>>> print(open('final_5.cif').read())   # mmCIF, C-alpha atoms and all ligand atoms
data_query
loop_
_atom_site.label_atom_id
_atom_site.label_comp_id
_atom_site.auth_asym_id
_atom_site.auth_seq_id
_atom_site.Cartn_x
_atom_site.Cartn_y
_atom_site.Cartn_z
CA MET A 1 56.12 101.41 -108.06
CA GLY A 2 52.80 102.67 -109.33
CA ASP A 3 52.49 105.08 -112.18
CA VAL A 4 48.73 105.05 -112.01
CA GLY A 5 47.21 107.55 -114.40
CA GLY A 6 50.63 109.14 -114.81
CA GLU A 7 50.98 109.94 -111.08
CA ARG A 8 54.25 109.20 -109.33
CA PHE A 9 53.41 107.77 -105.94
CA ARG A 10 53.22 104.26 -104.62
CA GLY A 11 51.05 102.43 -102.13
CA PRO A 12 50.09 101.33 -99.65
CA SER A 13 48.27 104.59 -98.90
CA ASP A 14 46.57 105.80 -95.71
CA LEU A 15 44.97 109.22 -96.15
CA HIS A 16 43.68 109.97 -92.63
CA LEU A 17 46.20 110.63 -89.84
CA HIS A 18 46.21 113.10 -86.90
CA SER A 19 49.07 114.86 -85.09
CA THR A 20 49.47 117.17 -82.07
CA ARG A 21 48.33 120.04 -84.34
CA SER A 22 44.89 118.71 -83.45
CA ASP A 23 44.04 115.71 -81.25
CA GLY A 24 46.75 113.21 -82.16
CA THR A 25 49.38 112.55 -79.49
CA GLU A 26 52.50 112.73 -81.71
CA PRO A 27 54.01 115.67 -83.64
CA PRO A 28 53.65 115.50 -87.45
CA ALA A 29 57.19 114.15 -87.99
CA ASP A 30 56.54 111.29 -85.55
CA VAL A 31 53.23 110.49 -87.26
CA MET A 32 55.10 110.22 -90.57
CA ALA A 33 57.69 107.93 -88.94
CA ALA A 34 54.93 105.73 -87.50
CA ALA A 35 53.25 105.51 -90.92
CA HIS A 36 56.55 104.53 -92.54
CA ARG A 37 57.21 101.85 -89.88
CA HIS A 38 53.81 100.38 -90.69
CA GLY A 39 54.84 100.04 -94.35
CA LEU A 40 52.94 102.99 -95.81
CA ARG A 41 54.40 104.85 -98.78
CA THR A 42 51.71 107.49 -99.42
CA VAL A 43 49.97 109.34 -96.58
CA ALA A 44 47.85 112.38 -95.79
CA LEU A 45 48.01 114.47 -92.63
CA THR A 46 44.40 115.42 -91.82
CA ASP A 47 44.35 117.36 -88.57
CA HIS A 48 41.00 118.81 -87.54
CA ASP A 49 40.39 122.31 -88.94
CA THR A 50 44.06 123.24 -89.42
CA THR A 51 46.87 123.04 -91.95
CA ALA A 52 49.51 123.95 -89.36
CA GLY A 53 51.23 120.55 -89.59
CA TRP A 54 51.72 120.48 -93.37
CA ALA A 55 55.29 121.80 -93.55
CA GLU A 56 56.67 119.53 -90.82
CA ALA A 57 54.85 116.51 -92.29
CA ALA A 58 56.10 117.25 -95.82
CA GLU A 59 59.71 117.43 -94.68
CA ALA A 60 59.48 114.22 -92.64
CA ALA A 61 57.50 112.26 -95.24
CA THR A 62 59.81 113.06 -98.13
CA SER A 63 62.94 112.35 -96.09
CA LEU A 64 61.46 108.88 -95.50
CA GLY A 65 60.74 108.42 -99.21
CA MET A 66 56.96 108.80 -98.79
CA THR A 67 54.51 110.92 -100.77
CA LEU A 68 52.36 113.34 -98.73
CA LEU A 69 48.92 114.58 -99.67
CA PRO A 70 48.40 117.67 -97.50
CA GLY A 71 44.91 117.46 -96.02
CA MET A 72 42.55 118.46 -93.24
CA GLU A 73 39.46 117.04 -91.54
CA PHE A 74 36.92 119.86 -91.71
CA SER A 75 34.33 119.97 -88.88
CA ALA A 76 30.81 120.39 -90.25
CA LYS A 77 27.33 119.93 -88.85
CA HIS A 78 24.17 118.66 -90.50
CA GLU A 79 21.18 119.28 -88.25
CA TRP A 80 22.39 117.81 -84.93
CA ARG A 81 24.97 115.50 -86.54
CA SER A 82 28.67 116.16 -86.44
CA VAL A 83 29.95 115.53 -89.99
CA HIS A 84 33.67 115.29 -90.70
CA LEU A 85 34.84 116.14 -94.20
CA LEU A 86 38.30 114.99 -95.30
CA SER A 87 39.68 117.71 -97.56
CA TYR A 88 42.73 117.14 -99.73
CA LEU A 89 45.12 119.22 -101.83
CA PHE A 90 43.32 122.57 -101.46
CA ASP A 91 45.01 125.98 -101.40
CA PRO A 92 45.73 126.58 -97.68
CA ASP A 93 45.89 130.35 -98.25
CA ASP A 94 42.38 130.65 -99.69
CA PRO A 95 40.99 133.56 -97.63
CA GLU A 96 37.42 132.28 -97.26
CA LEU A 97 38.53 128.80 -96.29
CA ARG A 98 41.00 130.21 -93.78
CA ALA A 99 38.38 132.48 -92.26
CA GLU A 100 36.05 129.52 -91.76
CA THR A 101 38.65 127.27 -90.14
CA GLU A 102 39.80 130.13 -87.89
CA ARG A 103 36.22 130.65 -86.79
CA ILE A 104 35.83 126.94 -85.98
CA ARG A 105 39.10 126.80 -84.04
CA GLY A 106 38.26 129.95 -82.10
CA ASP A 107 34.83 128.67 -81.16
CA ARG A 108 36.24 125.25 -80.22
CA MET A 109 38.47 126.99 -77.67
CA GLY A 110 35.59 128.79 -75.92
CA ARG A 111 33.49 125.65 -76.06
CA ALA A 112 36.24 123.57 -74.44
CA GLU A 113 36.43 126.14 -71.63
CA ARG A 114 32.65 125.88 -71.17
CA ILE A 115 32.82 122.08 -70.99
CA VAL A 116 35.62 122.31 -68.41
CA ALA A 117 33.64 124.84 -66.36
CA ASN A 118 30.67 122.44 -66.40
CA ILE A 119 32.84 119.50 -65.32
CA ALA A 120 34.52 121.63 -62.62
CA ARG A 121 31.15 121.92 -60.84
CA ASP A 122 31.49 118.23 -59.90
CA TYR A 123 35.12 117.24 -60.39
CA ASP A 124 38.56 118.60 -59.65
CA LEU A 125 39.52 119.82 -63.12
CA THR A 126 40.86 123.19 -64.28
CA TRP A 127 41.36 124.88 -67.65
CA GLU A 128 45.12 124.86 -66.91
CA ASP A 129 44.94 121.04 -66.76
CA VAL A 130 43.60 121.04 -70.32
CA LEU A 131 46.09 123.61 -71.62
CA ALA A 132 48.85 121.37 -70.25
CA GLN A 133 47.63 118.65 -72.65
CA THR A 134 47.67 120.80 -75.80
CA THR A 135 50.53 122.10 -77.89
CA LEU A 136 50.65 125.72 -79.03
CA ASP A 137 48.10 126.49 -81.78
CA ALA A 138 46.54 123.02 -81.71
CA THR A 139 42.86 122.65 -82.60
CA VAL A 140 41.40 122.00 -79.15
CA GLY A 141 38.81 119.27 -78.69
CA ARG A 142 37.32 116.89 -76.19
CA PRO A 143 40.33 114.55 -76.57
CA HIS A 144 42.48 117.15 -74.78
CA ILE A 145 39.92 117.35 -71.97
CA ALA A 146 39.97 113.54 -71.89
CA ASP A 147 43.77 113.62 -71.48
CA ALA A 148 43.40 116.10 -68.61
CA LEU A 149 40.84 113.80 -66.95
CA VAL A 150 43.31 110.92 -67.31
CA ALA A 151 46.11 113.05 -65.81
CA ARG A 152 43.80 113.81 -62.85
CA GLY A 153 43.03 110.12 -62.41
CA LEU A 154 39.37 110.66 -63.36
CA ALA A 155 39.52 108.28 -66.36
CA ARG A 156 41.81 105.45 -67.40
CA ASP A 157 42.14 106.52 -71.03
CA ARG A 158 40.43 108.67 -73.68
CA GLY A 159 37.91 105.94 -74.45
CA GLU A 160 36.76 105.77 -70.83
CA ALA A 161 36.54 109.58 -70.65
CA PHE A 162 34.37 109.67 -73.80
CA ASP A 163 32.11 106.91 -72.48
CA GLY A 164 31.86 108.67 -69.11
CA ILE A 165 32.28 112.33 -68.15
CA LEU A 166 32.53 113.60 -71.76
CA HIS A 167 29.43 111.73 -72.96
CA PRO A 168 26.52 114.14 -73.66
CA ARG A 169 24.28 112.11 -71.32
CA GLU A 170 26.39 113.29 -68.36
CA GLY A 171 25.26 116.87 -69.01
CA TYR A 172 28.64 118.60 -69.33
CA TYR A 173 28.74 118.57 -73.12
CA GLU A 174 28.63 121.80 -75.15
CA PRO A 175 28.50 122.01 -78.97
CA HIS A 176 30.90 124.09 -81.05
CA TYR A 177 30.26 126.16 -84.15
CA ALA A 178 30.58 124.20 -87.40
CA PRO A 179 29.44 125.10 -90.92
CA ASP A 180 26.94 123.14 -92.95
CA PRO A 181 28.54 120.39 -95.12
CA PHE A 182 27.33 122.14 -98.30
CA ARG A 183 29.32 125.22 -97.27
CA VAL A 184 32.43 123.09 -96.69
CA VAL A 185 32.13 121.36 -100.07
CA GLU A 186 31.76 124.77 -101.71
CA LEU A 187 34.74 126.29 -99.85
CA VAL A 188 37.14 123.38 -100.37
CA THR A 189 36.17 122.87 -104.00
CA ALA A 190 36.60 126.60 -104.69
CA ALA A 191 40.08 126.31 -103.13
CA GLY A 192 40.96 123.51 -105.59
CA GLY A 193 40.53 120.67 -103.10
CA VAL A 194 38.78 117.31 -103.01
CA VAL A 195 36.19 116.45 -100.34
CA ILE A 196 35.54 112.94 -99.01
CA ILE A 197 33.12 112.29 -96.13
CA ALA A 198 35.04 110.78 -93.19
CA HIS A 199 33.50 107.73 -91.46
CA PRO A 200 30.04 108.50 -92.95
CA THR A 201 28.10 105.76 -91.13
CA PRO A 202 29.14 105.67 -87.48
CA HIS A 203 27.35 103.58 -84.86
CA GLY A 204 24.79 105.20 -82.61
CA ARG A 205 23.77 108.79 -82.13
CA SER A 206 25.23 110.58 -85.12
CA ARG A 207 24.20 107.98 -87.74
CA MET A 208 24.42 108.55 -91.48
CA MET A 209 23.04 111.64 -93.21
CA PRO A 210 19.92 110.78 -95.24
CA GLU A 211 20.64 109.40 -98.72
CA SER A 212 18.88 112.38 -100.30
CA VAL A 213 21.36 114.71 -98.58
CA LEU A 214 24.30 112.58 -99.75
CA HIS A 215 23.05 112.87 -103.34
CA ALA A 216 22.63 116.62 -102.99
CA LEU A 217 26.20 116.88 -101.65
CA ILE A 218 27.47 114.86 -104.63
CA ASP A 219 25.61 117.26 -106.94
CA ALA A 220 27.34 120.12 -105.10
CA GLY A 221 30.83 118.65 -105.68
CA LEU A 222 31.42 116.02 -103.00
CA ALA A 223 34.02 113.58 -104.42
CA GLY A 224 33.54 110.44 -102.33
CA PHE A 225 33.25 108.42 -99.14
CA GLU A 226 35.72 106.96 -96.67
CA ILE A 227 34.23 103.47 -96.55
CA ASP A 228 36.91 101.25 -95.01
CA HIS A 229 37.09 102.81 -91.55
CA ARG A 230 36.60 100.93 -88.28
CA GLU A 231 33.73 103.18 -87.16
CA ASN A 232 31.50 102.52 -90.20
CA THR A 233 28.75 99.95 -89.72
CA ALA A 234 28.52 96.93 -92.06
CA ASP A 235 25.05 97.96 -93.23
CA GLY A 236 26.20 101.52 -93.81
CA LYS A 237 29.18 100.35 -95.88
CA ARG A 238 26.87 98.38 -98.18
CA ILE A 239 24.69 101.46 -98.79
CA LEU A 240 27.74 103.65 -99.40
CA ARG A 241 29.25 101.17 -101.88
CA ARG A 242 26.02 101.12 -103.86
CA ILE A 243 25.80 104.93 -103.99
CA ALA A 244 29.51 105.18 -104.86
CA ALA A 245 29.10 102.74 -107.76
CA ASP A 246 25.94 104.50 -109.02
CA ARG A 247 27.52 107.95 -108.87
CA ASP A 248 31.09 106.96 -109.85
CA LEU A 249 32.58 108.29 -106.60
CA ILE A 250 36.04 108.01 -105.07
CA VAL A 251 36.11 105.53 -102.17
CA THR A 252 38.89 105.41 -99.59
CA GLY A 253 40.01 103.35 -96.62
CA SER A 254 42.07 104.71 -93.77
CA SER A 255 43.09 104.34 -90.16
CA ASP A 256 42.24 107.72 -88.55
CA TYR A 257 45.43 107.28 -86.50
CA HIS A 258 45.58 109.51 -83.37
CA GLY A 259 48.84 108.18 -81.87
CA ARG A 260 48.13 106.82 -78.38
CA GLY A 261 44.75 108.60 -78.40
CA LYS A 262 42.94 105.73 -80.14
CA PRO A 263 43.72 102.06 -80.80
CA ASN A 264 43.67 102.72 -84.59
CA LEU A 265 47.02 101.90 -86.25
CA PRO A 266 48.49 103.34 -89.48
CA GLY A 267 47.61 101.17 -92.47
CA GLU A 268 44.83 99.19 -90.74
CA ASN A 269 42.77 100.27 -93.76
CA THR A 270 44.24 101.56 -97.01
CA THR A 271 43.17 103.32 -100.21
CA SER A 272 43.82 101.77 -103.63
CA ASP A 273 46.36 103.34 -106.02
CA ALA A 274 43.57 103.98 -108.52
CA MET A 275 41.58 106.01 -105.99
CA VAL A 276 44.63 107.97 -104.80
CA ALA A 277 45.32 108.80 -108.46
CA ARG A 278 41.75 110.07 -108.86
CA ILE A 279 42.12 112.37 -105.85
CA ILE A 280 45.39 113.77 -107.22
CA ALA A 281 43.99 114.18 -110.74
CA ARG A 282 40.90 116.02 -109.47
CA ALA A 283 42.74 118.53 -107.25
CA THR A 284 44.05 121.89 -108.45
CA GLY A 285 44.81 123.72 -105.17
CA THR A 286 48.10 122.23 -103.91
CA PRO A 287 50.20 119.46 -105.48
CA PRO A 288 51.19 116.34 -103.53
CA VAL A 289 54.66 116.48 -101.99
CA TYR A 290 56.81 113.82 -103.64
CA PRO A 291 60.10 112.43 -102.32
CA ALA A 292 63.23 113.69 -104.10
P1 LIG B 1 35.23 117.10 -80.48
O1 LIG B 1 35.41 117.37 -81.97
O2 LIG B 1 36.00 118.06 -79.67
O3 LIG B 1 33.80 116.98 -80.08
O4 LIG B 1 35.89 115.68 -80.21
C1 LIG B 1 35.68 114.63 -81.12
C2 LIG B 1 37.02 113.94 -81.38
O5 LIG B 1 37.24 113.05 -80.33
C3 LIG B 1 37.04 113.14 -82.66
O6 LIG B 1 37.90 113.78 -83.58
C4 LIG B 1 37.61 111.81 -82.30
O7 LIG B 1 38.88 111.63 -82.90
C5 LIG B 1 37.80 111.84 -80.80
N1 LIG B 1 37.07 110.76 -80.15
C6 LIG B 1 35.75 110.51 -80.20
N2 LIG B 1 35.43 109.42 -79.46
C7 LIG B 1 36.61 108.96 -78.96
C8 LIG B 1 36.96 107.84 -78.13
N3 LIG B 1 36.03 107.00 -77.66
N4 LIG B 1 38.26 107.67 -77.83
C9 LIG B 1 39.20 108.52 -78.29
N5 LIG B 1 38.93 109.59 -79.06
C10 LIG B 1 37.65 109.79 -79.40
FE FE B 2 40.00 113.35 -83.84
FE FE B 3 36.57 112.27 -87.66
ZN ZN B 4 39.92 111.86 -88.01
#
>>> encode(input="final_5.cif", output="structure tokens", more="lines below")
Ligand code: AMP
Ligand code: FE
Ligand code: FE
Ligand code: ZN
Amino acid sequence: MGDVGGERFRGPSDLHLHSTRSDGTEPPADVMAAAHRHGLRTVALTDHDTTAGWAEAAEAATSLGMTLLPGMEFSAKHEWRSVHLLSYLFDPDDPELRAETERIRGDRMGRAERIVANIARDYDLTWEDVLAQTTLDATVGRPHIADALVARGLARDRGEAFDGILHPREGYYEPHYAPDPFRVVELVTAAGGVVIIAHPTPHGRSRMMPESVLHALIDAGLAGFEIDHRENTADGKRILRRIAADRDLIVTGSSDYHGRGKPNLPGENTTSDAMVARIIARATGTPPVYPA
């Protein structure tokens, strides 16, 4: 049992998990059960651009004796790069933050319809096929289109859909609205939350933001980096560890579990008790949910 820095939670901790409220394949309670089966004792639910799963996750986590850090993965964009910002323990009722996430979710819906219309020029796919793969109020993304392609027999799994029809090179891709990362850091920090860049150094197209931009984000209130994540490159991790040490940042490790939507399993990477304690100590928007 850890009482790190006076906080009452215990590890192991995995602070990046998705449910059917966005593009995971299991409802929040099932995600919590999967995390518990994999031995985790502190978790965060981080659906894309929504807090809709918090209540269900809190109830399930605490009934399993786990601590929940309510969270979200905020969609941002730097130049052409998609940047995902893990946001923890912010006030979910903050009006400006809510307005921004509602705008992203609304635009994601229209964008998904445009992608489907593009695909429908060449393949037998309808918007109804995609709606059949989403639950009410979920943040809609390409993973739901991937699931519809699988249901139509046009891809074997999400991975094949992303490497094929959904890949921008195929010409069906459409972008969605996303705020600048500086705006997200400002919004989440103003709402009492803590911002960590998710998988900051992916392979290929999106690459890492320039170091000068990372430093400017730290100056603006960015708290840290998710370093232990299967999509980060080895070279990128070395750079991030150096910057984190120089700037005394929080560093995390997590799975980015999406149920059956990705091979990632709960607890495949974890965050140290000391770092979880720093996230909790820094936040002022919403407290963690502790078991009774
Ligand atoms: P979108 O935000 O709608 O453009 O879709 C991006 C989402 O798709 C990310 O949140 C990832 O979780 C998911 N994703 C990206 N690549 C893959 C893949 N190869 N297999 C499964 N899911 C993926
Ligand atoms: Fe996702
Ligand atoms: Fe992400
Ligand atoms: Zn994620």
>>> residues_near_ligand(input="final_5.cif", ligand="ligand ZN 4 (chain B)", cutoff="12 Å", atoms="only C-alpha atoms and all ligand atoms", output="compact mmCIF listing (two decimals) with C-alpha atoms, in the coordinates of the input")
# COMPACT_ATOMS: atom_id res chain seq x y z
CA ASP A 14 46.57 105.80 -95.71
CA LEU A 15 44.97 109.22 -96.15
CA HIS A 16 43.68 109.97 -92.63
CA LEU A 17 46.20 110.63 -89.84
CA HIS A 18 46.21 113.10 -86.90
CA SER A 19 49.07 114.86 -85.09
CA SER A 22 44.89 118.71 -83.45
CA ASP A 23 44.04 115.71 -81.25
CA GLY A 24 46.75 113.21 -82.16
CA ALA A 44 47.85 112.38 -95.79
CA LEU A 45 48.01 114.47 -92.63
CA THR A 46 44.40 115.42 -91.82
CA ASP A 47 44.35 117.36 -88.57
CA HIS A 48 41.00 118.81 -87.54
CA ASP A 49 40.39 122.31 -88.94
CA GLY A 71 44.91 117.46 -96.02
CA MET A 72 42.55 118.46 -93.24
CA GLU A 73 39.46 117.04 -91.54
CA PHE A 74 36.92 119.86 -91.71
CA SER A 75 34.33 119.97 -88.88
CA VAL A 83 29.95 115.53 -89.99
CA HIS A 84 33.67 115.29 -90.70
CA LEU A 85 34.84 116.14 -94.20
CA LEU A 86 38.30 114.99 -95.30
CA SER A 87 39.68 117.71 -97.56
CA GLY A 141 38.81 119.27 -78.69
CA PRO A 143 40.33 114.55 -76.57
CA ILE A 196 35.54 112.94 -99.01
CA ILE A 197 33.12 112.29 -96.13
CA ALA A 198 35.04 110.78 -93.19
CA HIS A 199 33.50 107.73 -91.46
CA PRO A 200 30.04 108.50 -92.95
CA GLU A 226 35.72 106.96 -96.67
CA HIS A 229 37.09 102.81 -91.55
CA ARG A 230 36.60 100.93 -88.28
CA GLU A 231 33.73 103.18 -87.16
CA SER A 254 42.07 104.71 -93.77
CA SER A 255 43.09 104.34 -90.16
CA ASP A 256 42.24 107.72 -88.55
CA TYR A 257 45.43 107.28 -86.50
CA HIS A 258 45.58 109.51 -83.37
CA GLY A 259 48.84 108.18 -81.87
CA GLY A 261 44.75 108.60 -78.40
CA LYS A 262 42.94 105.73 -80.14
CA ASN A 264 43.67 102.72 -84.59
>>> residues_around(input="final_5.cif", residues="A:Met32", least_positions_apart="3", cutoff="9 Å", atoms="all atoms listed in the file", output="list in words")
Leu17, Pro27, Pro28, Ala29, Ala35, His36, Arg37, Val43, Leu45, Ala57, Ala58, Ala60, Ala61, Leu64 and Met66 of chain A
>>> atom_distance(input="final_5.cif", atom1="atom CA of A:His144", atom2="atom CA of A:Asp157")
11.3 Å
>>> closest_residue(input="final_5.cif", among="A:Ser82, A:Thr284, A:Ser212, A:Gly171", to="ligand FE 3 (chain B)", atoms="only C-alpha atoms and all ligand atoms")
A:Ser82
>>> residues_near_point(input="final_5.cif", point="(24.3, 102.3, -99.1)", cutoff="12 Å", atoms="all atoms listed in the file", output="list in words")
Pro200, Thr201, Met208, Met209, Pro210, Glu211, Ser212, Leu214, His215, Phe225, Ile227, Asn232, Thr233, Ala234, Asp235, Gly236, Lys237, Arg238, Ile239, Leu240, Arg241, Arg242, Ile243, Ala244, Ala245, Asp246 and Arg247 of chain A
>>> atom_distance(input="final_5.cif", atom1="atom CA of A:Thr20", atom2="atom CA of A:Thr134")
7.5 Å
>>> atom_distance(input="final_5.cif", atom1="atom CA of A:Leu265", atom2="atom O3 of ligand LIG 1 (chain B)")
21.0 Å
>>> residues_near_point(input="final_5.cif", point="(45.1, 104.3, -102.5)", cutoff="6 Å", atoms="only C-alpha atoms", output="MDAnalysis selection string")
chainID A and resid 13 271:273 275:276
>>> closest_residue(input="final_5.cif", among="A:Val195, A:Gly53, A:Ala148, A:Arg121", to="A:Glu26", atoms="all atoms listed in the file")
A:Gly53
>>> residues_around(input="final_5.cif", residues="stretch 172-188 of chain A", least_positions_apart="6", cutoff="7 Å", atoms="all atoms listed in the file", output="PyMOL selection string")
chain A and resi 75-78+87+90+97+104+107-108+111+114-115+118-119+166+194-195+217+221-222
>>> closest_residue(input="final_5.cif", among="A:Glu113, A:Ala216, A:Glu160, A:Arg169", to="ligand LIG 1 (chain B)", atoms="all atoms listed in the file")
A:Glu160
>>> closest_residue(input="final_5.cif", among="A:Ala277, A:Pro202, A:Gly106, A:Ala34", to="ligand FE 3 (chain B)", atoms="all atoms listed in the file")
A:Pro202
>>> decode(input="final_5.cif", residues="stretch 258-282 of chain A", atoms="N, CA and C atoms", output="tab-separated table (two decimals), in the first residue's frame")
chain	number	residue	atom	x	y	z
A	258	HIS	N	-7.72	-0.27	-25.81
A	258	HIS	CA	-8.95	0.01	-26.57
A	258	HIS	C	-9.82	-1.25	-26.67
A	259	GLY	N	-9.77	-2.12	-25.65
A	259	GLY	CA	-10.52	-3.38	-25.75
A	259	GLY	C	-9.97	-4.21	-26.90
A	260	ARG	N	-10.89	-4.75	-27.72
A	260	ARG	CA	-10.47	-5.56	-28.87
A	260	ARG	C	-10.01	-4.70	-30.05
A	261	GLY	N	-10.05	-3.37	-29.88
A	261	GLY	CA	-9.72	-2.47	-30.99
A	261	GLY	C	-8.24	-2.33	-31.28
A	262	LYS	N	-7.40	-2.76	-30.32
A	262	LYS	CA	-5.94	-2.70	-30.48
A	262	LYS	C	-5.37	-3.86	-29.69
A	263	PRO	N	-4.15	-4.30	-30.03
A	263	PRO	CA	-3.56	-5.40	-29.25
A	263	PRO	C	-3.11	-4.99	-27.84
A	264	ASN	N	-3.02	-3.69	-27.57
A	264	ASN	CA	-2.54	-3.17	-26.28
A	264	ASN	C	-3.34	-3.74	-25.10
A	265	LEU	N	-2.64	-4.20	-24.07
A	265	LEU	CA	-3.31	-4.79	-22.91
A	265	LEU	C	-3.10	-3.96	-21.65
A	266	PRO	N	-4.11	-3.88	-20.77
A	266	PRO	CA	-3.97	-3.09	-19.54
A	266	PRO	C	-2.69	-3.48	-18.80
A	267	GLY	N	-1.95	-2.49	-18.33
A	267	GLY	CA	-0.76	-2.75	-17.53
A	267	GLY	C	0.48	-3.11	-18.33
A	268	GLU	N	0.41	-3.09	-19.67
A	268	GLU	CA	1.62	-3.44	-20.44
A	268	GLU	C	2.72	-2.40	-20.21
A	269	ASN	N	2.33	-1.19	-19.87
A	269	ASN	CA	3.25	-0.17	-19.32
A	269	ASN	C	2.54	0.43	-18.12
A	270	THR	N	3.31	0.88	-17.14
A	270	THR	CA	2.70	1.44	-15.93
A	270	THR	C	3.43	2.73	-15.54
A	271	THR	N	2.78	3.47	-14.63
A	271	THR	CA	3.32	4.74	-14.12
A	271	THR	C	3.70	4.54	-12.66
A	272	SER	N	4.85	5.06	-12.26
A	272	SER	CA	5.34	4.87	-10.89
A	272	SER	C	4.43	5.58	-9.89
A	273	ASP	N	4.42	5.06	-8.65
A	273	ASP	CA	3.64	5.69	-7.58
A	273	ASP	C	4.04	7.16	-7.40
A	274	ALA	N	5.33	7.43	-7.49
A	274	ALA	CA	5.79	8.81	-7.27
A	274	ALA	C	5.20	9.75	-8.32
A	275	MET	N	5.11	9.28	-9.56
A	275	MET	CA	4.57	10.14	-10.62
A	275	MET	C	3.05	10.29	-10.49
A	276	VAL	N	2.36	9.21	-10.11
A	276	VAL	CA	0.91	9.32	-9.88
A	276	VAL	C	0.66	10.35	-8.77
A	277	ALA	N	1.47	10.28	-7.72
A	277	ALA	CA	1.32	11.22	-6.60
A	277	ALA	C	1.52	12.66	-7.07
A	278	ARG	N	2.47	12.86	-8.00
A	278	ARG	CA	2.69	14.24	-8.49
A	278	ARG	C	1.49	14.74	-9.29
A	279	ILE	N	0.88	13.85	-10.08
A	279	ILE	CA	-0.31	14.26	-10.84
A	279	ILE	C	-1.43	14.67	-9.86
A	280	ILE	N	-1.64	13.82	-8.84
A	280	ILE	CA	-2.72	14.11	-7.87
A	280	ILE	C	-2.43	15.41	-7.12
A	281	ALA	N	-1.17	15.59	-6.71
A	281	ALA	CA	-0.83	16.78	-5.92
A	281	ALA	C	-0.97	18.06	-6.73
A	282	ARG	N	-0.75	17.97	-8.04
A	282	ARG	CA	-0.78	19.16	-8.91
A	282	ARG	C	-2.21	19.59	-9.27
